[in-house]
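Student: One structure follows; several queries about it will come next.
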Amino acid sequence: MLAMRPQVPPKKGTEVVMPPTDSISELAFSKTRDLLAASSWDNEVRVWDVNSDGTTAPVIRYAHKGPVLSCHWNKDGTKLASGGADKIGQVLDANTGQPAQFAVHEAPIKTVRWLDELNIVATGSWDKTIKYWDLRSNSPISSVGLSNRCHSLDTRDSFLVCATIDRMVTIFDLTNPTVAHKAHEAAKIQSRVVACFTQGPPGFALGLVEGRTMIEYFEDKDQACNFGFKCHRDGRDIYAVNSIAFHPVLGTFGTAGSDGSVIFWDKDSKQKLGEGSIPKQNAPITATAFNSTGSIFAYAVSYDWSMGYAEAPKNHKDIIKLAAFGPEDFKPRKK
């Protein structure tokens with residue numbers, strides 16, 4: 001059953017207290033309670049407790065030796081993995097509040113994902129590898145070479161999806177995780193983020209830098225359902241899709257872009273659910289996440305580095321906001 005809507009202002013959004021001091025790379029909610037984690041370019045990972053009235057309290061904070069590019073919780077919410085430009089992965093024990101190193105690559109770790117069915121962590125790196133880690137060992141249990149630098153990973157059930165900067169998408173069946181199950185060029189333009197469906201036949205959404213999202217299914221029998229659509233565009237101005245978050249219960253999803261907007265969609269009916277349900281921001285939205293029931297949507301407003309270091313705003317405040325929604329807001333539409 002979906003949780004009741006928490007008392008968070010639904011549209012304006014409640015700001016998380018003591019946010020990061022540099023660009024926010026990823027947001028992740030625990031799967032068992034409303035603990036929100038954020039990785040940031042200020043070299044830190046922060047965790048807040050989100051209360052039922054929408055207020056937040058910082059509970060844990062730990063550091064890397066460089067910008068932190070990704071964070072992800074395990075299935076029981078007891079551990080948080082993170083990776084970053086310092087080329088190492090750390091795991092936080094949420095019970096003790098203590099982090100420990102578990103992974104190392106030859107280049108920055110761009111993305112980390114817990115593989116819940118195997119109880120291991122996958123790290124995707126700019127060294128063109130994915131490594132698989134059992135936290136009981138100091139060495140990876142296996143690794144696989146990629147066609148180019150990994151910039152996004154996501155997982156569902158026994159599948160892991162990897163997007164690389166050469167526009168390739170590789171799907172791994174985790175029963176044989178070092179051999180590609182499928183690999184193809186998913187688009188003619190570079191992607192920014194990949195996110196797996198949470199409901200229905202398995203597949204993924206791929207957000208592109210040209211203001212477009214691709215919807216693809218894993219299995220051959222579902223390939224006729226693949227499609228793409230334009231989004232985050234304003235006349236001739238085209239913005240990157242920075243983040244995609246699927247509702248954990250209903251399977252609808254939101255895209256967030258460099259234009260500062262969030263748009264919600266129903267892929268099955270190919271309809272837009274809402275544009276403007278979250279006010280447009282004055283800076284890019286770099287990361288988004290639903291909590292475990294889909295009643296809270298978190299989004300980060302910060303610089304996305306699309307214009308390089310020289311164009312980074314000098315006095316911009318990095319913000320994380322929380323908005324509350326009910327199940328009617330994301331209910332799939334009839335075809």
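Letters A, B, ... mark the chains of the structure tokens in the order given; residue numbers begin at 1 per chain; ligand numbers begin at 1, in order shown.
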Name all residues at most 8 Å from Gln190 (chain A) (count only C-alpha atoms; drop same-chain ones fewer than 3 positions away) and give them as a PDB file with C-alpha atoms, in the first residue's frame.
Tutor:
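This is the output file part.pdb:
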ATOM      1  CA  ILE A 165      30.437   7.892 -23.634  1.00  0.00           C
ATOM      2  CA  ASP A 166      30.636   6.334 -27.121  1.00  0.00           C
ATOM      3  CA  ARG A 167      26.795   6.139 -27.130  1.00  0.00           C
ATOM      4  CA  ALA A 187      21.389   6.805 -29.972  1.00  0.00           C
ATOM      5  CA  LEU A 208      20.399  12.303 -23.932  1.00  0.00           C
ATOM      6  CA  VAL A 209      22.276  15.592 -24.024  1.00  0.00           C
TER       7      VAL A 209
END
Student: Using only C-alpha atoms for the distances, tell me which of A:Leu146, A:Ile189, A:Val91, A:Ala122 is nearest to Leu160 (chain A).
Tutor: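 Among the listed residues, A:Ala122 lies closest to Leu160 (chain A).
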Student: Any idea what's packed within 9 Å of region 277-288 of chain A, counting only C-alpha atoms, ignoring anything in its chain fewer than 6 positions away? Could you give it as a ChimeraX atom specification?
Tutor: /A:10-13,23-28,241-245,254-264,297-304,316,323
Student: Could you take the residues named above and write them with C-alpha atoms, as a PDB file, in the first residue's frame?
Tutor:
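Heads up, here's the output in part-v4.pdb:
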ATOM      1  CA  PRO A  10       3.842  19.911  -2.544  1.00  0.00           C
ATOM      2  CA  LYS A  11       4.906  22.410  -5.189  1.00  0.00           C
ATOM      3  CA  LYS A  12       7.232  25.010  -3.761  1.00  0.00           C
ATOM      4  CA  GLY A  13       9.227  22.303  -2.029  1.00  0.00           C
ATOM      5  CA  SER A  23      27.373  20.641  -7.410  1.00  0.00           C
ATOM      6  CA  ILE A  24      25.253  17.659  -6.390  1.00  0.00           C
ATOM      7  CA  SER A  25      25.982  14.575  -8.477  1.00  0.00           C
ATOM      8  CA  GLU A  26      23.451  12.041  -7.180  1.00  0.00           C
ATOM      9  CA  LEU A  27      20.567  11.634  -4.725  1.00  0.00           C
ATOM     10  CA  ALA A  28      19.540   8.295  -3.224  1.00  0.00           C
ATOM     11  CA  VAL A 241      18.387  15.308 -19.640  1.00  0.00           C
ATOM     12  CA  ASN A 242      20.457  15.077 -16.455  1.00  0.00           C
ATOM     13  CA  SER A 243      18.413  12.686 -14.344  1.00  0.00           C
ATOM     14  CA  ILE A 244      15.598  10.136 -14.644  1.00  0.00           C
ATOM     15  CA  ALA A 245      13.708   8.709 -11.660  1.00  0.00           C
ATOM     16  CA  GLY A 254      10.244  12.040 -14.136  1.00  0.00           C
ATOM     17  CA  THR A 255      12.969  13.585 -16.279  1.00  0.00           C
ATOM     18  CA  ALA A 256      15.048  16.517 -15.047  1.00  0.00           C
ATOM     19  CA  GLY A 257      17.040  18.797 -17.281  1.00  0.00           C
ATOM     20  CA  SER A 258      19.599  21.535 -17.655  1.00  0.00           C
ATOM     21  CA  ASP A 259      16.659  23.881 -18.260  1.00  0.00           C
ATOM     22  CA  GLY A 260      15.763  23.658 -14.555  1.00  0.00           C
ATOM     23  CA  SER A 261      12.538  21.742 -15.104  1.00  0.00           C
ATOM     24  CA  VAL A 262      11.104  18.377 -14.049  1.00  0.00           C
ATOM     25  CA  ILE A 263       8.519  16.682 -16.279  1.00  0.00           C
ATOM     26  CA  PHE A 264       6.597  13.531 -15.357  1.00  0.00           C
ATOM     27  CA  PHE A 297      10.371  13.412  -4.703  1.00  0.00           C
ATOM     28  CA  ALA A 298      13.794  14.940  -4.077  1.00  0.00           C
ATOM     29  CA  TYR A 299      15.586  17.113  -6.600  1.00  0.00           C
ATOM     30  CA  ALA A 300      18.922  18.937  -6.600  1.00  0.00           C
ATOM     31  CA  VAL A 301      19.413  22.392  -8.116  1.00  0.00           C
ATOM     32  CA  SER A 302      23.062  22.996  -8.960  1.00  0.00           C
ATOM     33  CA  TYR A 303      25.534  23.555 -11.787  1.00  0.00           C
ATOM     34  CA  ASP A 304      25.790  20.590 -14.173  1.00  0.00           C
ATOM     35  CA  HIS A 316      25.156  30.023  -6.843  1.00  0.00           C
ATOM     36  CA  ALA A 323       8.137  17.780  -2.779  1.00  0.00           C
TER      37      ALA A 323
END
Student: Calculate how many Å separate CA of Ala107 (chain A) from CA of Ser125 (chain A), rounding to one decimal.
Tutor: 6.4 Å
Student: Excluding same-chain residues fewer than 6 positions from region 38-44 of chain A, what lies within 8 Å of it counting only C-alpha atoms, as a PyMOL selection string?
Tutor: chain A and resi 20-28+61-71+82
Student: Output N, CA and C atoms for every residue in the selection just made, as an mmCIF file, in the first residue's frame.
Tutor:
data_model
loop_
_atom_site.group_PDB
_atom_site.id
_atom_site.type_symbol
_atom_site.label_atom_id
_atom_site.label_comp_id
_atom_site.auth_asym_id
_atom_site.auth_seq_id
_atom_site.Cartn_x
_atom_site.Cartn_y
_atom_site.Cartn_z
ATOM 1 N N PRO A 20 24.960 20.459 0.378
ATOM 2 C CA PRO A 20 26.346 20.511 -0.089
ATOM 3 C C PRO A 20 26.734 21.915 -0.561
ATOM 4 N N THR A 21 28.029 22.158 -0.611
ATOM 5 C CA THR A 21 28.536 23.473 -0.991
ATOM 6 C C THR A 21 29.074 23.501 -2.417
ATOM 7 N N ASP A 22 28.853 22.432 -3.163
ATOM 8 C CA ASP A 22 29.220 22.397 -4.580
ATOM 9 C C ASP A 22 28.218 21.495 -5.294
ATOM 10 N N SER A 23 28.361 21.349 -6.595
ATOM 11 C CA SER A 23 27.373 20.641 -7.410
ATOM 12 C C SER A 23 27.040 19.261 -6.866
ATOM 13 N N ILE A 24 25.763 18.927 -6.926
ATOM 14 C CA ILE A 24 25.253 17.659 -6.390
ATOM 15 C C ILE A 24 25.166 16.659 -7.533
ATOM 16 N N SER A 25 25.865 15.541 -7.389
ATOM 17 C CA SER A 25 25.982 14.575 -8.477
ATOM 18 C C SER A 25 24.900 13.495 -8.448
ATOM 19 N N GLU A 26 24.471 13.093 -7.257
ATOM 20 C CA GLU A 26 23.451 12.041 -7.180
ATOM 21 C C GLU A 26 22.702 12.132 -5.863
ATOM 22 N N LEU A 27 21.411 11.774 -5.905
ATOM 23 C CA LEU A 27 20.567 11.634 -4.725
ATOM 24 C C LEU A 27 20.106 10.193 -4.627
ATOM 25 N N ALA A 28 19.987 9.677 -3.405
ATOM 26 C CA ALA A 28 19.540 8.295 -3.224
ATOM 27 C C ALA A 28 18.801 8.177 -1.899
ATOM 28 N N ARG A 61 27.878 12.336 7.745
ATOM 29 C CA ARG A 61 28.637 13.067 6.729
ATOM 30 C C ARG A 61 30.043 12.477 6.689
ATOM 31 N N TYR A 62 30.507 12.133 5.483
ATOM 32 C CA TYR A 62 31.875 11.620 5.384
ATOM 33 C C TYR A 62 32.494 12.081 4.073
ATOM 34 N N ALA A 63 33.825 11.958 3.979
ATOM 35 C CA ALA A 63 34.552 12.599 2.894
ATOM 36 C C ALA A 63 35.296 11.606 2.009
ATOM 37 N N HIS A 64 35.436 11.986 0.741
ATOM 38 C CA HIS A 64 36.388 11.399 -0.194
ATOM 39 C C HIS A 64 37.533 12.399 -0.366
ATOM 40 N N LYS A 65 38.522 12.034 -1.163
ATOM 41 C CA LYS A 65 39.648 12.927 -1.428
ATOM 42 C C LYS A 65 39.496 13.647 -2.769
ATOM 43 N N GLY A 66 38.306 13.657 -3.299
ATOM 44 C CA GLY A 66 37.996 14.340 -4.537
ATOM 45 C C GLY A 66 36.489 14.395 -4.686
ATOM 46 N N PRO A 67 35.985 15.038 -5.750
ATOM 47 C CA PRO A 67 34.534 15.088 -5.963
ATOM 48 C C PRO A 67 33.901 13.698 -5.920
ATOM 49 N N VAL A 68 32.762 13.601 -5.237
ATOM 50 C CA VAL A 68 32.029 12.331 -5.145
ATOM 51 C C VAL A 68 30.963 12.334 -6.233
ATOM 52 N N LEU A 69 30.978 11.311 -7.092
ATOM 53 C CA LEU A 69 30.165 11.321 -8.297
ATOM 54 C C LEU A 69 28.928 10.432 -8.227
ATOM 55 N N SER A 70 28.831 9.580 -7.180
ATOM 56 C CA SER A 70 27.700 8.651 -7.133
ATOM 57 C C SER A 70 27.528 8.103 -5.728
ATOM 58 N N CYS A 71 26.271 7.747 -5.393
ATOM 59 C CA CYS A 71 25.984 7.053 -4.131
ATOM 60 C C CYS A 71 24.742 6.190 -4.327
ATOM 61 N N SER A 82 29.606 4.654 -2.226
ATOM 62 C CA SER A 82 29.896 5.889 -2.942
ATOM 63 C C SER A 82 31.199 5.739 -3.706
#
Student: Considering only C-alpha atoms, tabulate each residue of region 150-259 of chain A that lies at most 8 Å from region 267-273 of chain A along with its nearest interatomic pair and the corresponding distance in Å to one decimal; arrange the rows by chain and ascending residue number and present them as JSON lines.
Tutor:
{"residue": "A:Ile215", "atom": "CA", "partner": "A:Lys267", "partner_atom": "CA", "distance": 7.7}
{"residue": "A:Thr252", "atom": "CA", "partner": "A:Lys267", "partner_atom": "CA", "distance": 6.8}
{"residue": "A:Phe253", "atom": "CA", "partner": "A:Lys267", "partner_atom": "CA", "distance": 8.0}
Student: Would you write out those residues with C-alpha atoms, as an mmCIF file, in the first residue's frame?
Tutor:
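The resulting file, out31.cif, is shown below:
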data_model
loop_
_atom_site.group_PDB
_atom_site.id
_atom_site.type_symbol
_atom_site.label_atom_id
_atom_site.label_comp_id
_atom_site.auth_asym_id
_atom_site.auth_seq_id
_atom_site.Cartn_x
_atom_site.Cartn_y
_atom_site.Cartn_z
ATOM 1 C CA ILE A 215 12.626 4.011 -23.967
ATOM 2 C CA THR A 252 5.747 6.306 -14.200
ATOM 3 C CA PHE A 253 8.787 8.566 -14.187
#
Student: Residues at most 12 Å from Leu80 (chain A), counting only C-alpha atoms, excluding those fewer than 2 positions away in the same chain, as a ChimeraX atom specification?
Tutor: /A:27-31,35-39,45-47,60-62,70-78,82-83,89-102,112-114,120-121,135
Student: Go ahead and compute the interatomic distance for CA of Trp305 (chain A) and CA of Thr170 (chain A), in Å to one decimal.
Tutor: 25.4 Å
Student: Quick one, how far is CA of Ile319 (chain A) from CA of Tyr239 (chain A)?
Tutor: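 Computing it gives 20.0 Å between the two atoms.
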Student: Quick one: residues within 9 Å of Val249 (chain A), only C-alpha atoms, excluding same-chain residues fewer than 6 positions away - as a list in words?
Tutor: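 What passes the distance filter is Leu2, Thr198, Gln199, Ser292, Thr293 and Gly294 of chain A.
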Student: If you count only C-alpha atoms, which residues fall within 10 Å of Tyr217 (chain A), apart from same-chain ones fewer than 6 positions away, as a ChimeraX atom specification?
Tutor: /A:196-197,201-205,223-227
Student: DSSP on the backbone: what in region 170-330 of chain A comes out strand (DSSP E or B), as an NGL selection string?
Tutor: :A and (170-173 or 180-185 or 191-196 or 203-208 or 212-217 or 227-230 or 233-234 or 237-238 or 241-246 or 253-257 or 262-266 or 271-275 or 285-290 or 296-301 or 319-324)
Student: Rank A:Val50, A:Ile130, A:Met307, A:Cys231 by their smallest atom-to-atom distance to Gly145 (chain A), using only C-alpha atoms, and report the top residue only.
Tutor: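 Looking only at the distances to Gly145 (chain A), the closest residue turns out to be A:Ile130.
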Student: Would you mind telling me which residue in A:Val104, A:Leu118, A:Val193, A:Ala85 lies nearest to Ser139 (chain A) when using only C-alpha atoms?
Tutor: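 Smallest separation from Ser139 (chain A) among the options: A:Val104.
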Student: Could you check which of A:Lys128, A:Pro19, A:Gly54, A:Thr111 is closest to Ala324 (chain A), using only C-alpha atoms?
Tutor: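 Smallest separation from Ala324 (chain A) among the options: A:Gly54.
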